[in-house]
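S.K.: Next up, target_14.pdb (PDB, C-alpha atoms).
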ATOM      1  CA  MET A   1     116.695 105.988 178.650
ATOM      2  CA  ARG A   2     119.862 103.985 179.203
ATOM      3  CA  ARG A   3     118.104 100.772 178.118
ATOM      4  CA  LYS A   4     117.007 102.473 174.886
ATOM      5  CA  GLN A   5     120.605 103.500 174.142
ATOM      6  CA  ILE A   6     121.770  99.913 174.690
ATOM      7  CA  TYR A   7     119.122  98.598 172.278
ATOM      8  CA  LEU A   8     120.099 101.171 169.668
ATOM      9  CA  PHE A   9     123.779 100.252 170.071
ATOM     10  CA  LEU A  10     123.042  96.531 169.725
ATOM     11  CA  LEU A  11     120.922  97.221 166.635
ATOM     12  CA  PHE A  12     123.762  99.261 165.144
ATOM     13  CA  VAL A  13     126.267  96.438 165.793
ATOM     14  CA  PHE A  14     123.863  93.898 164.279
ATOM     15  CA  LEU A  15     123.468  95.974 161.106
ATOM     16  CA  ILE A  16     127.250  96.275 160.763
ATOM     17  CA  VAL A  17     127.717  92.503 161.163
ATOM     18  CA  VAL A  18     125.005  91.775 158.583
ATOM     19  CA  SER A  19     126.516  94.314 156.202
ATOM     20  CA  ILE A  20     130.011  92.810 156.504
ATOM     21  CA  SER A  21     128.667  89.284 156.004
ATOM     22  CA  THR A  22     126.793  90.388 152.890
ATOM     23  CA  ILE A  23     129.901  92.025 151.455
ATOM     24  CA  GLU A  24     131.974  88.909 152.058
ATOM     25  CA  VAL A  25     129.402  86.653 150.401
ATOM     26  CA  ASN A  26     128.983  88.837 147.314
ATOM     27  CA  ALA A  27     132.613  89.869 146.936
ATOM     28  CA  MET A  28     134.440  88.872 143.767
ATOM     29  CA  HIS A  29     138.114  89.420 143.128
ATOM     30  CA  THR A  30     138.766  89.723 139.416
ATOM     31  CA  GLY A  31     140.958  91.650 137.028
ATOM     32  CA  PHE A  32     137.835  93.046 135.337
ATOM     33  CA  GLU A  33     136.033  96.269 136.076
ATOM     34  CA  ILE A  34     132.577  95.006 137.041
ATOM     35  CA  THR A  35     129.152  96.192 138.169
ATOM     36  CA  GLU A  36     126.610  94.001 139.940
ATOM     37  CA  LEU A  37     123.631  92.935 137.863
ATOM     38  CA  PRO A  38     120.115  93.954 138.970
ATOM     39  CA  SER A  39     118.548  91.314 141.185
ATOM     40  CA  GLU A  40     115.980  89.992 138.687
ATOM     41  CA  GLU A  41     118.462  89.952 135.794
ATOM     42  CA  LYS A  42     121.024  88.156 137.965
ATOM     43  CA  GLU A  43     118.551  85.484 139.072
ATOM     44  CA  LEU A  44     117.421  84.910 135.473
ATOM     45  CA  PHE A  45     121.005  84.599 134.209
ATOM     46  CA  ILE A  46     121.999  82.176 136.972
ATOM     47  CA  SER A  47     118.889  80.112 136.265
ATOM     48  CA  ASN A  48     119.624  80.016 132.517
ATOM     49  CA  ILE A  49     123.238  78.878 132.818
ATOM     50  CA  ASN A  50     122.221  76.142 135.302
ATOM     51  CA  VAL A  51     125.613  75.391 136.867
ATOM     52  CA  LEU A  52     125.878  71.812 138.142
ATOM     53  CA  SER A  53     128.806  70.207 139.976
ATOM     54  CA  ILE A  54     130.321  66.901 138.830
ATOM     55  CA  ASP A  55     132.295  64.470 140.991
ATOM     56  CA  GLU A  56     133.417  62.008 138.325
ATOM     57  CA  GLU A  57     135.857  62.866 135.555
ATOM     58  CA  PRO A  58     134.123  63.132 132.165
ATOM     59  CA  ALA A  59     135.782  62.216 128.873
ATOM     60  CA  LYS A  60     138.698  64.556 128.276
ATOM     61  CA  LYS A  61     138.306  67.156 125.548
ATOM     62  CA  THR A  62     140.590  69.735 123.985
ATOM     63  CA  ILE A  63     141.355  72.843 126.003
ATOM     64  CA  LYS A  64     139.427  76.072 125.465
ATOM     65  CA  CYS A  65     140.845  78.030 128.412
ATOM     66  CA  PHE A  66     142.633  77.423 131.717
ATOM     67  CA  ASP A  67     143.928  78.985 134.914
ATOM     68  CA  VAL A  68     146.030  77.867 137.892
ATOM     69  CA  ASN A  69     145.583  79.078 141.488
ATOM     70  CA  GLY A  70     148.002  79.400 144.396
ATOM     71  CA  ASP A  71     147.368  75.798 145.467
ATOM     72  CA  GLN A  72     148.335  74.766 141.911
ATOM     73  CA  LEU A  73     144.845  73.540 141.126
ATOM     74  CA  ILE A  74     144.284  73.699 137.377
ATOM     75  CA  ALA A  75     140.881  74.692 135.999
ATOM     76  CA  ILE A  76     140.416  73.551 132.396
ATOM     77  CA  GLY A  77     137.569  74.824 130.251
ATOM     78  CA  GLN A  78     136.902  72.139 127.671
ATOM     79  CA  ASN A  79     135.677  72.383 124.080
ATOM     80  CA  THR A  80     132.235  70.805 124.215
ATOM     81  CA  SER A  81     128.761  71.552 122.837
ATOM     82  CA  ASN A  82     126.403  74.172 124.284
ATOM     83  CA  ARG A  83     126.606  72.366 127.624
ATOM     84  CA  LYS A  84     130.120  73.449 128.615
ATOM     85  CA  THR A  85     132.441  71.691 131.054
ATOM     86  CA  ILE A  86     135.151  72.916 133.423
ATOM     87  CA  CYS A  87     137.312  70.316 135.174
ATOM     88  CA  VAL A  88     139.668  70.981 138.077
ATOM     89  CA  TYR A  89     142.880  68.919 138.346
ATOM     90  CA  SER A  90     145.773  68.769 140.784
ATOM     91  CA  ASN A  91     149.282  69.634 139.583
ATOM     92  CA  LYS A  92     149.763  65.874 139.153
ATOM     93  CA  GLY A  93     146.911  65.739 136.664
ATOM     94  CA  VAL A  94     144.457  64.032 139.044
ATOM     95  CA  PHE A  95     140.798  65.031 138.637
ATOM     96  CA  GLN A  96     139.325  66.800 141.683
ATOM     97  CA  TYR A  97     135.868  68.089 140.698
ATOM     98  CA  GLY A  98     134.165  70.019 137.951
ATOM     99  CA  TYR A  99     131.130  71.875 136.642
ATOM    100  CA  THR A 100     128.795  71.789 133.673
ATOM    101  CA  PHE A 101     126.771  74.801 132.552
ATOM    102  CA  ASN A 102     124.871  76.237 129.601
ATOM    103  CA  CYS A 103     126.822  78.589 127.358
ATOM    104  CA  THR A 104     126.195  79.275 123.659
ATOM    105  CA  GLY A 105     129.440  81.157 123.038
ATOM    106  CA  ASP A 106     133.018  81.428 124.250
ATOM    107  CA  PHE A 107     133.945  81.521 127.923
ATOM    108  CA  GLY A 108     137.010  81.984 130.100
ATOM    109  CA  VAL A 109     138.064  80.890 133.592
ATOM    110  CA  GLU A 110     139.788  82.801 136.374
ATOM    111  CA  TRP A 111     140.605  81.622 139.883
ATOM    112  CA  ASP A 112     139.564  83.741 142.851
ATOM    113  CA  GLY A 113     141.186  81.910 145.756
ATOM    114  CA  LYS A 114     139.274  78.627 145.991
ATOM    115  CA  ASN A 115     136.334  79.981 143.993
ATOM    116  CA  LEU A 116     136.240  80.064 140.219
ATOM    117  CA  ASN A 117     135.116  82.972 138.070
ATOM    118  CA  ILE A 118     133.505  82.021 134.746
ATOM    119  CA  TYR A 119     133.440  84.760 132.114
ATOM    120  CA  PHE A 120     130.640  84.500 129.527
ATOM    121  CA  VAL A 121     131.985  86.373 126.515
ATOM    122  CA  ARG A 122     128.749  86.792 124.549
ATOM    123  CA  SER A 123     126.785  88.039 127.564
ATOM    124  CA  SER A 124     129.647  90.104 129.049
ATOM    125  CA  VAL A 125     128.828  88.566 132.420
ATOM    126  CA  ILE A 126     131.149  86.934 134.951
ATOM    127  CA  VAL A 127     129.897  84.641 137.724
ATOM    128  CA  SER A 128     131.604  83.370 140.872
ATOM    129  CA  VAL A 129     131.223  79.661 141.665
ATOM    130  CA  ASN A 130     132.459  77.860 144.780
ATOM    131  CA  PRO A 131     133.877  74.297 144.765
ATOM    132  CA  LYS A 132     130.392  72.899 145.491
ATOM    133  CA  GLY A 133     129.011  74.427 142.297
ATOM    134  CA  GLU A 134     127.055  77.151 144.105
ATOM    135  CA  VAL A 135     126.890  80.478 142.242
ATOM    136  CA  LEU A 136     127.887  83.228 144.679
ATOM    137  CA  GLY A 137     127.309  86.232 142.430
ATOM    138  CA  ALA A 138     126.923  87.511 138.878
ATOM    139  CA  PHE A 139     128.383  90.749 137.560
ATOM    140  CA  GLU A 140     128.412  92.692 134.318
ATOM    141  CA  VAL A 141     131.808  93.146 132.672
ATOM    142  CA  GLU A 142     131.973  96.713 131.439
ATOM    143  CA  ASN A 143     133.059  97.504 127.887
ATOM    144  CA  THR A 144     136.238  99.430 128.676
ATOM    145  CA  ILE A 145     139.755  99.624 127.295
ATOM    146  CA  ASP A 146     141.136  98.111 130.507
ATOM    147  CA  ASN A 147     138.743  95.168 130.331
ATOM    148  CA  ASN A 148     139.598  94.496 126.691
ATOM    149  CA  SER A 149     143.281  94.629 127.590
ATOM    150  CA  TYR A 150     142.692  92.168 130.442
ATOM    151  CA  ILE A 151     140.989  89.751 128.056
ATOM    152  CA  ASN A 152     143.946  89.914 125.671
ATOM    153  CA  HIS A 153     146.658  89.567 128.307
ATOM    154  CA  PHE A 154     145.014  87.114 130.700
ATOM    155  CA  PHE A 155     142.241  85.068 129.126
ATOM    156  CA  GLN A 156     144.000  84.647 125.787
ATOM    157  CA  THR A 157     147.473  83.874 127.102
ATOM    158  CA  THR A 158     148.867  80.334 126.949
ATOM    159  CA  LYS A 159     151.013  80.558 130.096
ATOM    160  CA  ARG A 160     150.482  80.830 133.836
ATOM    161  CA  THR A 161     153.300  81.310 136.362
ATOM    162  CA  ILE A 162     152.783  80.054 139.921
ATOM    163  CA  GLY A 163     155.820  80.483 142.152
ATOM    164  CA  LYS A 164     158.745  78.981 140.255
ATOM    165  CA  ASP A 165     156.575  76.756 138.062
ATOM    166  CA  GLU A 166     155.231  77.589 134.609
ATOM    167  CA  TYR A 167     152.070  76.025 133.202
ATOM    168  CA  LEU A 168     151.728  76.110 129.432
ATOM    169  CA  ILE A 169     149.023  74.971 127.027
ATOM    170  CA  GLY A 170     149.864  73.972 123.475
ATOM    171  CA  ASN A 171     149.873  71.286 120.793
ATOM    172  CA  ASN A 172     152.431  68.781 119.612
ATOM    173  CA  MET A 173     151.189  67.896 116.140
ATOM    174  CA  GLY A 174     153.939  69.254 113.914
ATOM    175  CA  LEU A 175     152.687  71.157 110.859
ATOM    176  CA  LEU A 176     149.076  70.498 111.859
ATOM    177  CA  ASN A 177     149.535  72.927 114.773
ATOM    178  CA  PHE A 178     148.907  75.649 112.194
ATOM    179  CA  PHE A 179     145.318  74.434 111.717
ATOM    180  CA  ALA A 180     144.547  73.911 115.411
ATOM    181  CA  THR A 181     141.705  75.968 116.902
ATOM    182  CA  SER A 182     142.211  74.753 120.484
ATOM    183  CA  TYR A 183     144.877  73.105 122.633
ATOM    184  CA  SER A 184     145.529  69.491 123.529
ATOM    185  CA  GLN A 185     148.252  69.578 126.211
ATOM    186  CA  ILE A 186     149.125  71.193 129.515
ATOM    187  CA  ILE A 187     152.800  71.106 130.428
ATOM    188  CA  VAL A 188     154.296  72.163 133.749
ATOM    189  CA  LYS A 189     157.920  73.333 133.773
ATOM    190  CA  ASP A 190     159.798  73.725 137.062
ATOM    191  CA  SER A 191     162.716  76.010 137.945
ATOM    192  CA  THR A 192     165.262  73.488 136.651
ATOM    193  CA  GLY A 193     163.626  73.402 133.227
ATOM    194  CA  PHE A 194     162.189  69.920 133.708
ATOM    195  CA  GLU A 195     158.923  69.534 131.779
ATOM    196  CA  LYS A 196     156.058  67.180 132.531
ATOM    197  CA  VAL A 197     152.844  66.679 130.560
ATOM    198  CA  ILE A 198     149.933  66.569 133.022
ATOM    199  CA  TYR A 199     147.020  66.729 130.569
ATOM    200  CA  ASP A 200     147.113  65.296 127.061
ATOM    201  CA  VAL A 201     144.425  64.604 124.456
ATOM    202  CA  GLY A 202     146.841  65.021 121.539
ATOM    203  CA  SER A 203     146.167  61.613 119.951
ATOM    204  CA  MET A 204     142.416  62.190 119.915
ATOM    205  CA  TYR A 205     142.801  65.733 118.587
ATOM    206  CA  LEU A 206     145.280  64.649 115.905
ATOM    207  CA  THR A 207     142.926  61.920 114.679
ATOM    208  CA  LYS A 208     140.017  64.357 114.641
ATOM    209  CA  MET A 209     142.020  66.922 112.685
ATOM    210  CA  ILE A 210     143.225  64.355 110.128
ATOM    211  CA  VAL A 211     139.642  63.180 109.566
ATOM    212  CA  THR A 212     138.392  66.770 109.301
ATOM    213  CA  ILE A 213     141.121  67.815 106.866
ATOM    214  CA  SER A 214     140.555  64.660 104.812
ATOM    215  CA  LEU A 215     136.823  65.357 104.563
ATOM    216  CA  VAL A 216     137.505  68.960 103.563
ATOM    217  CA  CYS A 217     139.951  67.811 100.880
ATOM    218  CA  VAL A 218     137.434  65.270  99.549
ATOM    219  CA  PHE A 219     134.725  67.945  99.473
ATOM    220  CA  VAL A 220     137.026  70.366  97.614
ATOM    221  CA  LEU A 221     138.027  67.680  95.079
ATOM    222  CA  ILE A 222     134.397  66.695  94.467
ATOM    223  CA  THR A 223     133.456  70.357  94.026
ATOM    224  CA  ILE A 224     136.292  70.899  91.547
ATOM    225  CA  ALA A 225     135.320  67.719  89.657
ATOM    226  CA  VAL A 226     131.661  68.788  89.437
ATOM    227  CA  VAL A 227     132.586  72.282  88.236
ATOM    228  CA  PHE A 228     135.034  70.852  85.691
ATOM    229  CA  TRP A 229     132.435  68.369  84.413
ATOM    230  CA  GLN A 230     129.834  71.119  84.053
ATOM    231  CA  PHE A 231     132.380  73.194  82.154
ATOM    232  CA  ILE A 232     133.047  70.291  79.758
ATOM    233  CA  LYS A 233     129.300  69.716  79.219
ATOM    234  CA  LEU A 234     128.772  73.425  78.548
ATOM    235  CA  ARG A 235     131.662  73.495  76.091
ATOM    236  CA  ARG A 236     130.373  70.428  74.241
ATOM    237  CA  SER A 237     126.908  71.926  74.133
ATOM    238  CA  ASN A 238     128.272  75.152  72.625
ATOM    239  CA  GLN A 239     130.253  73.195  70.024
ATOM    240  CA  GLY A 240     127.131  71.261  69.034
ATOM    241  CA  THR A 241     125.172  74.490  68.645
ATOM    242  CA  VAL A 242     127.821  75.954  66.338
ATOM    243  CA  LEU A 243     127.765  72.852  64.143
TER     244      LEU A 243
END
Kindly present the structure from the file in structure tokens form.

M.R.:
Amino acid sequence: MRRKQIYLFLLFVFLIVVSISTIEVNAMHTGFEITELPSEEKELFISNINVLSIDEEPAKKTIKCFDVNGDQLIAIGQNTSNRKTICVYSNKGVFQYGYTFNCTGDFGVEWDGKNLNIYFVRSSVIVSVNPKGEVLGAFEVENTIDNNSYINHFFQTTKRTIGKDEYLIGNNMGLLNFFATSYSQIIVKDSTGFEKVIYDVGSMYLTKMIVTISLVCVFVLITIAVVFWQFIKLRRSNQGTVL
């Protein structure tokens, strides 16, 4: 009888340990209200996004989103094609590691300690990824007022404050800032007000914007010229008919 009680006690302890380990593995700390996805749906989503780690810094792109953790590691979501990229830099601007993944819409990044949460806007799903690129969990982001407020005040903000330092994203292109759809710089400002640019693709972005605006202007001018020429032809044709 006593041996049976010991076995039952050991089994109970084992179940508690397994339960705690499972909770720690699947835990996600986020500002969202979330619910865990069903197992099959979670596996399918993780398979579809196909997160891969990268060890070498890719070509720098403009900034879609960013976040800074307590160790002052900066995660930068870059504007790329459907295969998205997130790069992690030190507060000196030195590349550490990164990820690529499939995403057909917008996304946001949020640090959770050393892990990174990636929010897929179109799917309303947020996944937790460790520094090795392993997906630890996937959760549904509920459509609530609090979640919408969190998106507006966290994911869409251009500033992060870590200790006495402020990290800001922005552009430095003069009047062309008005036409910008993403950001080209990250600036860190310390408690004394000293500012340092630690990420900058402003020259590339400025050139791209000038080319884009020039092409748009050319297209508009050609369109106006074609319409004007058609108007003249129609007017001449009407005059000939009257005669």

S.K.: So, with only C-alpha atoms as the atoms that count, which of A:Asp67, A:Glu41, A:Asp165, A:Glu36 lies closest to Val109 of chain A?

M.R.: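 Comparing A:Asp67, A:Glu41, A:Asp165, A:Glu36 against Val109 of chain A, the winner is A:Asp67.
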
S.K.: Name all residues at most 12 Å from Pro58 of chain A (count all atoms listed in the file; drop same-chain ones fewer than 4 positions away) and give them as a PyMOL selection string.

M.R.: chain A and resi 53-54+78+80+84-88+95-100

S.K.: Generate a file of the selected residues that holds C-alpha atoms, formatted as a compact mmCIF listing (two decimals), keeping the file's coordinate frame.

M.R.:
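Everything below was put into result_13.txt:
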# COMPACT_ATOMS: atom_id res chain seq x y z
CA SER A 53 128.81 70.21 139.98
CA ILE A 54 130.32 66.90 138.83
CA GLN A 78 136.90 72.14 127.67
CA THR A 80 132.24 70.81 124.22
CA LYS A 84 130.12 73.45 128.62
CA THR A 85 132.44 71.69 131.05
CA ILE A 86 135.15 72.92 133.42
CA CYS A 87 137.31 70.32 135.17
CA VAL A 88 139.67 70.98 138.08
CA PHE A 95 140.80 65.03 138.64
CA GLN A 96 139.32 66.80 141.68
CA TYR A 97 135.87 68.09 140.70
CA GLY A 98 134.16 70.02 137.95
CA TYR A 99 131.13 71.88 136.64
CA THR A 100 128.79 71.79 133.67

S.K.: For a test of reading the model, state the distance in Å between atom CA of His29 of chain A and atom CA of Leu52 of chain A, rounded to one decimal.

M.R.: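 Taking atom CA of His29 of chain A and atom CA of Leu52 of chain A, their separation equals 22.0 Å.
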
S.K.: Go through A:Ser128, A:Thr161, A:Asn172, A:Ser182 one by one, measure the shortest atom-to-atom distance of each to Lys42 of chain A using only C-alpha atoms, and give the residue with the smallest value.

M.R.: A:Ser128

S.K.: Identify which of the residues A:Arg122, A:Arg235, A:His153, A:Arg160 lies closest to Gln72 of chain A, counting all atoms listed in the file when measuring atom-to-atom distances.

M.R.: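 Distance minimum relative to Gln72 of chain A lands on A:Arg160.
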
S.K.: Which one of A:Asn117, A:Asn50, A:Thr157, A:Ser191 sits closest to Gly31 of chain A if you count only C-alpha atoms?

M.R.: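 Closest to Gly31 of chain A of all the choices is A:Asn117.
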
S.K.: What is the atom CA of Phe107 of chain A-atom CA of Val197 of chain A distance in Å, reported with one decimal?

M.R.: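 Here the two named atoms are 24.2 Å from each other.
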
S.K.: Given the file above and the PyMOL selection byres ((chain A and resi 119) around 8), which residues are selected, and can you give them as a compact mmCIF listing (two decimals) with C-alpha atoms, keeping the file's coordinate frame?

M.R.:
# COMPACT_ATOMS: atom_id res chain seq x y z
CA PHE A 107 133.94 81.52 127.92
CA GLY A 108 137.01 81.98 130.10
CA VAL A 109 138.06 80.89 133.59
CA GLU A 110 139.79 82.80 136.37
CA ASN A 117 135.12 82.97 138.07
CA ILE A 118 133.50 82.02 134.75
CA PHE A 120 130.64 84.50 129.53
CA VAL A 121 131.99 86.37 126.52
CA SER A 124 129.65 90.10 129.05
CA VAL A 125 128.83 88.57 132.42
CA ILE A 126 131.15 86.93 134.95
CA VAL A 127 129.90 84.64 137.72

S.K.: Taking the file as shown, what set of residues would the PyMOL selection byres ((chain A and resi 64) around 8) give back, as number ranges by chain?

M.R.: A: 62-63, 65-66, 76-79, 108, 182-183

S.K.: I need the residue nearest Thr104 of chain A from this list: A:Ile49, A:Ile145, A:Val135, A:Ala75. Use only C-alpha atoms for the distance.

M.R.: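 Closest residue, counting only C-alpha atoms: A:Ile49.
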
S.K.: Of the candidates A:Asn115, A:Val227, A:Lys233, A:Asn152, which shows the shortest atom-to-atom distance to Lys132 of chain A, using all atoms listed in the file?

M.R.: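 Nearest candidate to Lys132 of chain A out of A:Asn115, A:Val227, A:Lys233, A:Asn152: A:Asn115.
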
S.K.: Decode the PyMOL selection byres ((chain A and resi 102) around 6) for the given file into explicit residues and return them as number ranges by chain.

M.R.: A: 49, 82-83, 101, 103
